[in-house]
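Visitor: Below: one structure in structure tokens.
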Number of protein chains: 2
Amino acid sequence: VSAEGSVAPPGRAMKWWGWGDPDQQPRLPEHAATMLRDELGLEEIERPPVEIDEVRLASPRMAPVLRARLAAIVGSGAVRDDREARVSHAAGKSYPDLVRQRAGDCSSAPDLVVSPRSHDQVRAVLEACDQLAVAVVPFGGGTSVVGGVEPFRGPFETLICLDLGAMDRLVSVDERSLTAVLEPGMRGPEVEAALRARGLTLGHFPQSFEYATLGGFVATRSAGQASTGYGRIDELVLGVRMAAPTGDLVGRTKPASAAGPDLRELIVGSEGTLGVITQAALRVRRAPEKSRFEGWFFRTFAEGAEALRALEQNGDAPDVARLSDESETRLNLTLAGTDTLKARAGARYLRLRGYDEGCLAIFGWDGTATSIDRRRRRAGERLRAAGGLPVGQGPGQAWARNRYFTPYLRDDMLGRGVMVETLETATQWSDLMGLHEAVASAIRSALAERGTPALVMCHVSHLYPSGASLYFTFLARQQQGEEIEQWKAAKQAAGAAIVAHGATITHHHAIGRDHLPWMEAEIGQRGVAALRAVKRELDPAGIMNPGKLLPLG
Amino acid sequence: VSAEGSVAPPGRAMKWWGWGDPDQQPRLPEHAATMLRDELGLEEIERPPVEIDEVRLASPRMAPVLRARLAAIVGSGAVRDDREARVSHAAGKSYPDLVRQRAGDCSSAPDLVVSPRSHDQVRAVLEACDQLAVAVVPFGGGTSVVGGVEPFRGPFETLICLDLGAMDRLVSVDERSLTAVLEPGMRGPEVEAALRARGLTLGHFPQSFEYATLGGFVATRSAGQASTGYGRIDELVLGVRMAAPTGDLVGRTKPASAAGPDLRELIVGSEGTLGVITQAALRVRRAPEKSRFEGWFFRTFAEGAEALRALEQNGDAPDVARLSDESETRLNLTLAGTDTLKARAGARYLRLRGYDEGCLAIFGWDGTATSIDRRRRRAGERLRAAGGLPVGQGPGQAWARNRYFTPYLRDDMLGRGVMVETLETATQWSDLMGLHEAVASAIRSALAERGTPALVMCHVSHLYPSGASLYFTFLARQQQGEEIEQWKAAKQAAGAAIVAHGATITHHHAIGRDHLPWMEAEIGQRGVAALRAVKRELDPAGIMNPGKLLPLG
């Protein structure tokens, strides 16, 4: 869902109960709110979050020795147990997280929030926690939407949150090799600012960009909105250093190697369950002189997907390539404002050409004017041949303007009693349409059965030679008092459909806690056993982010 | 080293004592032999390999139950202990392997050679060997140059060689997703023939292509001569199935995923130490209509490397990009025949333009006439700007013609008392010249100290945005009776230089036995421990390819 709007560039502080800058709370435009009320059967309610003073918090549980020991490592100012610190580190930003936080349930909040400033401090903290049997949740921007930073204690009584925000340096740049070494606590905008000052870019722009951290990107194998062009984070990481309770695991920076299984790939995606990423060497690129975004229409989602396949398999894919299905296109056009004359003119233009029930695609190119022009021309030929209709830069620019804005609207929807959730997967081109239909109808059925019919929409957002991702958004009237059960029903139905199609349970959100039920289907019983064996070696006490990535053994 | 020549397309049988088709034994041209004699101080000797009947073999050691048990699984015809089977599976094709084989030392030959036909047969064989404490060496084409198929028993009395040659089917092709599922025993030419019949190609052409197998490519993280364009095998593998003693590990076929550490990457490069790869799903491409190869000259290796860097970092790299250093260029030009009028004319042309001490690069493009032309033009502009001088298709075509021929000449050199070895590494662009100088002079010093001054030459053969590979060839007079010590001295000097520069100990040859001393420097003590933990989980008895990849624990 994207209604047009934007907020000022944010600082680092984020609402403890929702998304983004605490001083900004954009609301849905009135016509959009009306449409949602009509389509979802909403009542006219307002469900604001509780005040922070009303949040329920347990007293910090810890052995007296712990605090002193940690303070001796990181300094006493970097060990906090005040209400604000604990509440703001009590959850990520998943739908269940927000439901609980808004209701003031922080009963599982971490006992301490600890902020190391160096690799050595992280190592020392982990050693202390290993000895004292204290669970550790590494915390970057806290933007996980799969329960990845949930303070789940597992068998441990005490849990600390390890906030990596103070480890935020650009360590070094190798301009000839186009690599940069970065610390994990840098936020997306900080990474880009530091690199742009040297004429470089990482090119990694997930929707969580404004708050998510480099360490989080690496720990969750994230993909960004321009990853079709720039590559996923796992393709950009060239070296990585991880502090584990039993020592350091280092994937040395190298362009390529045949020296056995690639250990980088054990660290990338390990979600804090093996150790803490304290440094990463990444491939960077020269910053583009300009970007160009534009919209195209296709008559159907299938037609558009075939066009994207042709682009990608022929090496002509843009850097950003997104294709909304019919439902998402319709909703986005409605939210963008059917009340404007301009939009009506656009609708007539599409109708006249037979695209009025069609699907909107957004394409983006980075580069020089010349390189963009050359690539656009080649892509344009293929898109026209595949049935595409160009609709100019307007829709592309609107998408680019709003690219980090949507999560704000989720908070407004929650306040209006709307359940809003997203999930994503990827599969081969040959099954993309089959998977799309199966997942969408599984979600629709599951929510219809509960008497809360859903709007389910989807887009393709990342192209690969062998397949593509699907990103679903679904909206329904919240079942008050049964919000989590309602969410679980939809999530389980979608997960079952994904697994039945042999697709991946997550393309870029990671496993966290929410995808645990499908991890064995994803990597098999021996795969789970192999990862557990690595964990036992690096984290024998099991203190690292318990109950994430792998079910507790 | 490449002297021009070629042999008929080979069958599957390979010389047990050397490279390639047993019916073909090309010899160095006389002027090249003379040059080597002069430069290396060779005596006029002939050291032919012994006859197969003279090869020293121990009697097969095995519990009587083993043979019957294995025959019940794979059929009695697929369990062999005859001289030919044992001798031809007693070694790979490394320099020490060939020294030993030619001398008739097969004392460690496998006790049995077993040829399963299916995943289930592999599983059953591994279970039997696990129960009976029998070591298993998976064997594809037997082309390892790092001791990867050495029948090293470790703590086991009995060792079988698992020859995967009978598992050689193209299982399926998904033409829309451009993926193919292949069995591990397919040789390079068989892979290409099966795919070309459907208009597809894998595009993987290591120098061992004619004999190496798909399973070997995957198990060793191989790179091919066109990997700059097509990607290394680790970039082409989308899914993989491995039979391990305790069960199957499966990396499911998917274009991308954020579901934790990538288990594919544990299997790719595992060198048979965790289990046996029984199937792999690979990215394939539409077969190119044509290829074009051409030569360019640069004044120095450093100038050429900068030109390659500019190509790669700007997205203009050809599919094949190789750059010989001054030594390799000089030797190749000599071997190609300074006695031809044409070559002399070429030499004058280069001298007139200031390139006579220069470096030859070979570039190759695959595609349609149009796409090749477009890419060539863009690359050509950059190459000229970087100081390159085009010298036409002749050198490129000669390289392409001889691309699989060089290993044959090694046998002839061994027969003339020449030590000939290759080793390879990769590093960032910023240290490429420093690494080149360090490794070359380490090898030169180590061999000069032994009174056998070496010819050391090198080429860049694979480009990455952050760096490139270096492939060294060195020749010296063999120290008779001390061949292995002499080789070790050079290898250790090179390895120490590589590690001191933080480069990888192997870019595409893998670890095998020969690179074991540097594995801990490569992945760290915790990295070794993590891989050992995975091995304990999948292969608790340690029967899988003992003493490869990781030192025996």
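By convention here, the chains of the structure tokens are called A, B, ... in the order presented, each chain's residues are numbered starting at 1, and ligands are numbered starting at 1 in the order presented.
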Give as a VMD selection string every residue of chain A that touches chain B within 6 Å, counting only C-alpha atoms.
Guide: chain A and resid 176 to 178 221 249 254 to 255 257 to 262 265 to 266 268 to 270 427 to 430 466 to 467 506 to 508 510 to 511 526 to 527 530 533 to 534
Visitor: May I have the residues within 12 Å of Tyr211 (chain A) as a tab-separated table (two decimals) with N, CA, C and O atoms, in the first residue's frame, using only C-alpha atoms and disregarding those fewer than 5 positions away in the same chain?
Guide:
```
chain	number	residue	atom	x	y	z
A	9	PRO	N	13.64	13.66	6.93
A	9	PRO	CA	14.64	12.62	7.17
A	9	PRO	C	14.75	12.39	8.68
A	9	PRO	O	14.80	13.34	9.45
A	10	PRO	N	14.74	11.14	9.08
A	10	PRO	CA	14.60	10.85	10.51
A	10	PRO	C	15.93	10.91	11.25
A	10	PRO	O	16.99	10.79	10.64
A	11	GLY	N	15.85	11.06	12.53
A	11	GLY	CA	17.00	10.82	13.39
A	11	GLY	C	17.07	9.34	13.67
A	11	GLY	O	16.50	8.54	12.95
A	12	ARG	N	17.75	8.98	14.75
A	12	ARG	CA	17.87	7.56	15.05
A	12	ARG	C	16.74	7.04	15.91
A	12	ARG	O	16.47	5.84	15.89
A	13	ALA	N	16.13	7.91	16.70
A	13	ALA	CA	15.12	7.44	17.62
A	13	ALA	C	13.88	7.00	16.85
A	13	ALA	O	13.48	7.64	15.89
A	14	MET	N	13.30	5.91	17.27
A	14	MET	CA	12.09	5.41	16.62
A	14	MET	C	11.01	5.26	17.67
A	14	MET	O	11.29	5.02	18.84
A	15	LYS	N	9.76	5.43	17.26
A	15	LYS	CA	8.62	5.17	18.16
A	15	LYS	C	8.77	3.79	18.79
A	15	LYS	O	9.04	2.83	18.09
A	19	TRP	N	6.33	2.64	13.80
A	19	TRP	CA	7.41	2.90	12.87
A	19	TRP	C	7.85	4.36	12.87
A	19	TRP	O	7.03	5.27	12.92
A	20	GLY	N	9.15	4.57	12.80
A	20	GLY	CA	9.70	5.84	12.38
A	20	GLY	C	9.79	6.93	13.43
A	20	GLY	O	9.65	6.70	14.63
A	21	ASP	N	10.04	8.11	12.92
A	21	ASP	CA	10.28	9.32	13.70
A	21	ASP	C	9.12	9.59	14.67
A	21	ASP	O	7.98	9.75	14.25
A	92	GLY	N	10.58	-5.98	17.89
A	92	GLY	CA	10.88	-5.45	16.57
A	92	GLY	C	9.65	-4.76	16.02
A	92	GLY	O	8.90	-4.14	16.78
A	93	LYS	N	9.44	-4.87	14.71
A	93	LYS	CA	8.33	-4.15	14.09
A	93	LYS	C	7.42	-5.07	13.28
A	93	LYS	O	6.86	-4.68	12.27
A	139	PHE	N	21.02	-6.42	18.63
A	139	PHE	CA	19.98	-5.48	18.23
A	139	PHE	C	20.63	-4.38	17.38
A	139	PHE	O	21.54	-3.70	17.83
A	140	GLY	N	20.19	-4.28	16.13
A	140	GLY	CA	20.71	-3.23	15.26
A	140	GLY	C	19.74	-2.07	15.24
A	140	GLY	O	19.68	-1.28	16.18
A	141	GLY	N	18.92	-2.01	14.20
A	141	GLY	CA	17.91	-0.97	14.15
A	141	GLY	C	16.59	-1.40	14.77
A	141	GLY	O	15.68	-0.60	14.92
A	142	GLY	N	16.49	-2.67	15.10
A	142	GLY	CA	15.25	-3.16	15.70
A	142	GLY	C	14.09	-3.20	14.72
A	142	GLY	O	12.93	-3.12	15.11
A	143	THR	N	14.39	-3.38	13.43
A	143	THR	CA	13.33	-3.31	12.43
A	143	THR	C	12.82	-4.67	11.97
A	143	THR	O	12.02	-4.74	11.04
A	144	SER	N	13.27	-5.73	12.61
A	144	SER	CA	12.83	-7.07	12.20
A	144	SER	C	11.30	-7.16	12.13
A	144	SER	O	10.61	-6.71	13.05
A	165	GLY	N	24.32	0.05	18.21
A	165	GLY	CA	24.26	1.38	17.60
A	165	GLY	C	25.51	2.23	17.76
A	165	GLY	O	25.77	3.13	16.96
A	185	GLY	N	26.67	-1.16	13.39
A	185	GLY	CA	25.61	-0.29	13.91
A	185	GLY	C	25.26	0.87	13.01
A	185	GLY	O	24.38	1.68	13.34
A	186	MET	N	25.91	1.00	11.86
A	186	MET	CA	25.57	2.10	10.95
A	186	MET	C	24.17	1.88	10.37
A	186	MET	O	23.88	0.82	9.85
A	187	ARG	N	23.35	2.92	10.46
A	187	ARG	CA	22.03	2.86	9.82
A	187	ARG	C	22.20	3.01	8.31
A	187	ARG	O	23.19	3.58	7.85
A	188	GLY	N	21.18	2.60	7.59
A	188	GLY	CA	21.23	2.74	6.13
A	188	GLY	C	21.67	4.11	5.66
A	188	GLY	O	22.61	4.25	4.87
A	189	PRO	N	21.03	5.20	6.15
A	189	PRO	CA	21.42	6.54	5.67
A	189	PRO	C	22.85	6.90	6.08
A	189	PRO	O	23.53	7.63	5.36
A	190	GLU	N	23.32	6.37	7.21
A	190	GLU	CA	24.69	6.65	7.64
A	190	GLU	C	25.69	5.93	6.73
A	190	GLU	O	26.73	6.48	6.39
A	191	VAL	N	25.35	4.72	6.34
A	191	VAL	CA	26.20	4.00	5.39
A	191	VAL	C	26.31	4.80	4.09
A	191	VAL	O	27.42	5.06	3.59
A	205	PHE	N	18.89	-0.66	-0.41
A	205	PHE	CA	17.78	0.19	0.03
A	205	PHE	C	16.53	-0.62	0.36
A	205	PHE	O	15.52	-0.51	-0.34
A	206	PRO	N	16.58	-1.42	1.43
A	206	PRO	CA	15.34	-2.08	1.84
A	206	PRO	C	14.34	-1.03	2.33
A	206	PRO	O	14.71	0.11	2.60
A	216	GLY	N	22.37	-5.68	10.67
A	216	GLY	CA	21.07	-6.32	10.46
A	216	GLY	C	20.92	-6.81	9.02
A	216	GLY	O	20.41	-7.90	8.78
A	217	PHE	N	21.33	-5.98	8.07
A	217	PHE	CA	21.29	-6.43	6.67
A	217	PHE	C	22.01	-7.77	6.52
A	217	PHE	O	21.49	-8.71	5.92
A	404	TYR	N	10.04	4.87	1.44
A	404	TYR	CA	10.24	4.51	2.86
A	404	TYR	C	9.06	4.96	3.72
A	404	TYR	O	9.15	4.99	4.94
A	407	PRO	N	5.59	2.15	5.84
A	407	PRO	CA	5.48	1.61	7.21
A	407	PRO	C	4.79	2.59	8.18
A	407	PRO	O	4.18	2.15	9.16
```
Visitor: Using DSSP on the backbone, list every residue of region 25-237 of chain B that comes out as strand (DSSP E), and give them as a ChimeraX atom specification.
Guide: /B:79-80,112-114,134-139,158-163,170-174,179-182,200-201,237
Visitor: Might you pull out every residue within 7 Å of Val79 (chain A), with only C-alpha atoms counted and same-chain residues fewer than 4 positions away left off, and present them as a list in words?
Guide: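 Near neighbours after the sequence-gap exclusion: Ala71, Leu112, Val113, Val114 and Ser115 of chain A.
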Visitor: Those selected residues, please, written with N, CA and C atoms and delivered as a tab-separated table (two decimals), in the first residue's frame.
Guide:
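Output file part_35.tsv follows:
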```tsv
chain	number	residue	atom	x	y	z
A	71	ALA	N	29.30	-3.51	33.25
A	71	ALA	CA	29.72	-2.11	33.36
A	71	ALA	C	31.24	-2.00	33.32
A	112	LEU	N	18.50	-5.88	30.70
A	112	LEU	CA	19.47	-4.79	30.53
A	112	LEU	C	19.64	-4.52	29.04
A	113	VAL	N	19.97	-3.27	28.73
A	113	VAL	CA	20.36	-2.91	27.36
A	113	VAL	C	21.82	-2.47	27.43
A	114	VAL	N	22.66	-3.17	26.70
A	114	VAL	CA	24.11	-2.97	26.78
A	114	VAL	C	24.62	-2.48	25.43
A	115	SER	N	25.46	-1.45	25.45
A	115	SER	CA	25.90	-0.84	24.19
A	115	SER	C	27.42	-0.85	24.07
```
Visitor: Find, counting only C-alpha atoms, the residue in A:Gln486, A:Asn332, A:Gln492, A:Ser445 that gets nearest to His459 (chain A).
Guide: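 Nearest candidate to His459 (chain A) out of A:Gln486, A:Asn332, A:Gln492, A:Ser445: A:Asn332.
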Visitor: Hey, what's within 9 Å of Glu44 (chain A) if we count only C-alpha atoms and toss same-chain stuff fewer than 5 positions away? As a VMD selection string, please?
Guide: chain A and resid 37 416 to 417
Visitor: Save the residues we just selected, all heavy atoms, as a PDB file, in the first residue's frame?
Guide:
```pdb
ATOM      1  N   ARG A  37     -12.559   1.323   4.973  1.00  0.00           N
ATOM      2  CA  ARG A  37     -13.749   1.050   5.805  1.00  0.00           C
ATOM      3  C   ARG A  37     -14.780   0.263   5.004  1.00  0.00           C
ATOM      4  O   ARG A  37     -15.306  -0.740   5.476  1.00  0.00           O
ATOM      5  CB  ARG A  37     -14.365   2.363   6.303  1.00  0.00           C
ATOM      6  CG  ARG A  37     -13.811   2.845   7.641  1.00  0.00           C
ATOM      7  CD  ARG A  37     -14.705   3.892   8.297  1.00  0.00           C
ATOM      8  NE  ARG A  37     -14.882   5.100   7.488  1.00  0.00           N
ATOM      9  CZ  ARG A  37     -14.047   6.152   7.528  1.00  0.00           C
ATOM     10  NH1 ARG A  37     -12.976   6.141   8.313  1.00  0.00           N
ATOM     11  NH2 ARG A  37     -14.294   7.196   6.771  1.00  0.00           N
ATOM     12  N   ARG A 416      -6.832   2.251  13.307  1.00  0.00           N
ATOM     13  CA  ARG A 416      -8.206   2.189  12.797  1.00  0.00           C
ATOM     14  C   ARG A 416      -8.778   0.768  12.849  1.00  0.00           C
ATOM     15  O   ARG A 416      -9.827   0.483  12.258  1.00  0.00           O
ATOM     16  CB  ARG A 416      -8.238   2.665  11.341  1.00  0.00           C
ATOM     17  CG  ARG A 416      -7.847   4.122  11.151  1.00  0.00           C
ATOM     18  CD  ARG A 416      -7.704   4.440   9.665  1.00  0.00           C
ATOM     19  NE  ARG A 416      -7.060   5.733   9.440  1.00  0.00           N
ATOM     20  CZ  ARG A 416      -7.725   6.873   9.234  1.00  0.00           C
ATOM     21  NH1 ARG A 416      -9.041   6.891   9.256  1.00  0.00           N
ATOM     22  NH2 ARG A 416      -7.056   7.985   9.022  1.00  0.00           N
ATOM     23  N   GLY A 417      -8.041  -0.140  13.490  1.00  0.00           N
ATOM     24  CA  GLY A 417      -8.552  -1.507  13.624  1.00  0.00           C
ATOM     25  C   GLY A 417      -8.313  -2.380  12.406  1.00  0.00           C
ATOM     26  O   GLY A 417      -9.047  -3.336  12.167  1.00  0.00           O
TER      27      GLY A 417
END
```
Visitor: Restricting the calculation to only C-alpha atoms, which member of B:Ser88, B:Ala493, B:Ser441, B:Thr201 is positioned closest to Pro22 (chain B)?
Guide: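 Closest candidate: B:Ser88.
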Visitor: At a cut-off of 12 Å, using only C-alpha atoms, what residues contact Ile45 (chain B)? Leave out same-chain residues fewer than 3 positions from it and give the result as a list in words.
Guide: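 Near Ile45 (chain B), the qualifying residues are Ala33, Arg37, Gly41, Leu42, Pro48, Asp412, Met413, Leu414, Gly415, Arg416, Gly417, Val418, Arg477, Gln478 and Gln480 of chain B.
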